[in-house]
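Peer 1: Below you will find the structure I want to go over with you.
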Amino acid sequence: MKLLVTGGAGFIGSAVVRRAVAQGHQVVNLDALTYAACLDNVASVADNPLYVFEQADIRDRAALDRILAKHQPDAVMHLAAESHVDRSIDGPGTFIDTNVMGTFHLLEAARAYWVARGKPDRFRFHHISTDEVFGSLGATGQFTEDTPYDPRSPYSASKAGSDHLVRAWHETYGLPVVLTNCSNNYGPYHFPEKLIPVIVLNALAGKALPIYGDGSNVRDWLYVEDHAEALLLVVARGAPGRSYNIGGENERSNLDLVRTLCAILDRKRPRDGSYADQITFVTDRPGHDARYAIDPVRIREELGWRPSVTVEQGLELTVDWYLANEPWWRALQERHGVGQRLGVSA
């Protein structure tokens, strides 16, 4: 299969690219190389004959038409997006422009390409989204594919808008789409402004380990390599028009997660005292959702997928990776906004 992966130099996108090439797929990586992208993420496949890189913006319709016509993919896997909630609070316009309008332009380019090729049944437009579109849960319950949308941040609202566009292009134009909504990802190559890399890198630097509010917010944590495997399964075998929730089956509060990371670092990079002594509670994010949890029954029963690691196992692997790859994260810490508290005031 030949795949066009948008956002393939980002965190999740690069995991998809690496795994797809390893499975023998041809991959065209389309990325605008914004602040969160890094071509080092795909350096391991850069010289592989199955891999091609195209620098382009999903808002550039002419570039999209050119790249689709040139490479003629069997499927589009759409991961390109602005994704940091705190940045969306400070600058929502970029999120609407990229996540909503960018998805619109990509859908139109993909539809024109699909029509020009005679509307092949095997073509897929795979839209990768987030569980944040469903809003916030209480102490019980899980998100299913039928949960009503209730986004509460500019980021999640922009992703909800893009989800609706994808479904509309399927219903109106017959474009063969599949959608996935995932829980919080973590793992190697995670950009160092997100919670887990912030905690690991601040701990190593002797800095405060910031936790929003009282740390009681709960997330379902999904190891990025498991997610990439699930995405490739969905694009190959998912039913057109169908959506699939992908979860790690690993719910943890933010405070418990940070304490687990500190315990791992205490073992792997010991020093006087515990890294947990650096935990600091800070002013909560505006509109901070209390809990996310995914019911993954559909993808398990229809496609046979389950996560391969627990969060404790995945965190061990993640910490090991950051300890072994200091040059990678040192370079990214110099980028705009990294290391600063963003999204403080609404």
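Identifiers for the structure tokens are assigned positionally: chains receive A, B, ... in sequence, residues are indexed from 1 per chain, and ligands are indexed from 1 in the order shown.
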I'd like a table as a Markdown table: residues in segment 72-122 of chain A with an atom no more than 9 Å from segment 13-27 of chain A, each row giving the shortest atom pair and its distance in Å to one decimal, only C-alpha atoms counted, sorted by chain and rising residue number.
Peer 2:
| residue | atom | partner | partner_atom | distance |
| --- | --- | --- | --- | --- |
| A:Pro73 | CA | A:Val27 | CA | 8.5 |
| A:Met77 | CA | A:Gly13 | CA | 8.9 |
| A:His78 | CA | A:Gly13 | CA | 8.7 |
| A:Leu79 | CA | A:Gly13 | CA | 6.0 |
| A:Ala80 | CA | A:Gly13 | CA | 7.7 |
Peer 1: Excluding segment 223-239 of chain A and any residue of its chain fewer than 6 positions from it, enumerate the residues within 8 Å of it, using only C-alpha atoms, and give them as a PyMOL selection string.
Peer 2: chain A and resi 12+15-16+19-20+75+77+124+126+178+180+182+185-188+246+248+303+305+307-309+311+314
Peer 1: Given the choices A:Glu249, A:Asp146, A:Asp284, A:Asp277, which gets closest to Ala203 of chain A if the distance is worked out from only C-alpha atoms?
Peer 2: A:Asp277
Peer 1: Determine which residues of segment 125-209 of chain A receive a DSSP assignment of alpha helix (DSSP H), computed from the backbone, and state them as number ranges by chain.
Peer 2: A: 154-173, 195-205
Peer 1: Go through A:Ile299, A:Ala110, A:Leu64, A:Ile128 and flag the residue nearest Trp169 of chain A, using only C-alpha atoms for the distances.
Peer 2: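 The shortest atom-to-atom distance to Trp169 of chain A comes from A:Ala110.
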Peer 1: For Leu209 of chain A, which residue among A:Val282, A:Leu265, A:Val52, A:Ala160 is the nearest when counting only C-alpha atoms?
Peer 2: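 Between A:Val282, A:Leu265, A:Val52, A:Ala160, the residue approaching Leu209 of chain A most closely is A:Val282.
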Peer 1: Name all residues at most 7 Å from segment 189-194 of chain A (count only C-alpha atoms; drop same-chain ones fewer than 4 positions away) and give them as a CSV table (one decimal) with N, CA and C atoms, in the first residue's frame.
Peer 2:
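That gives us around26.csv:
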chain,number,residue,atom,x,y,z
A,11,PHE,N,5.0,14.0,16.2
A,11,PHE,CA,5.2,12.9,17.2
A,11,PHE,C,4.5,11.6,16.8
A,36,ALA,N,6.6,22.2,15.9
A,36,ALA,CA,6.6,20.9,16.6
A,36,ALA,C,7.1,19.7,15.8
A,41,ASN,N,13.0,12.8,13.6
A,41,ASN,CA,12.0,11.8,14.0
A,41,ASN,C,11.9,10.7,13.0
A,198,VAL,N,7.9,17.1,29.8
A,198,VAL,CA,8.2,18.2,30.7
A,198,VAL,C,8.7,17.7,32.0
A,329,TRP,N,16.4,16.1,22.3
A,329,TRP,CA,15.5,17.0,23.1
A,329,TRP,C,16.2,18.3,23.5
A,333,GLN,N,14.4,22.1,22.8
A,333,GLN,CA,14.1,23.0,23.9
A,333,GLN,C,14.4,24.5,23.6
A,338,VAL,N,8.8,26.7,24.1
A,338,VAL,CA,9.1,25.5,24.9
A,338,VAL,C,9.7,25.9,26.2
A,339,GLY,N,9.2,25.3,27.3
A,339,GLY,CA,9.7,25.7,28.6
A,339,GLY,C,9.0,26.8,29.3
Peer 1: Compare A:Gly287, A:Gly337, A:Pro270, A:Gly213 by their minimum atom-to-atom distance to Arg152 of chain A, counting only C-alpha atoms, and give me the closest one.
Peer 2: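 That would be A:Gly287, the residue with the smallest distance to Arg152 of chain A.
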Peer 1: Name the residues of segment 200-314 of chain A that fall into strand (DSSP E) according to DSSP on the backbone, using the chain letters and numbers of this document, as a ChimeraX atom specification.
Peer 2: /A:209-212,218-223,243-246,251-253,279-282
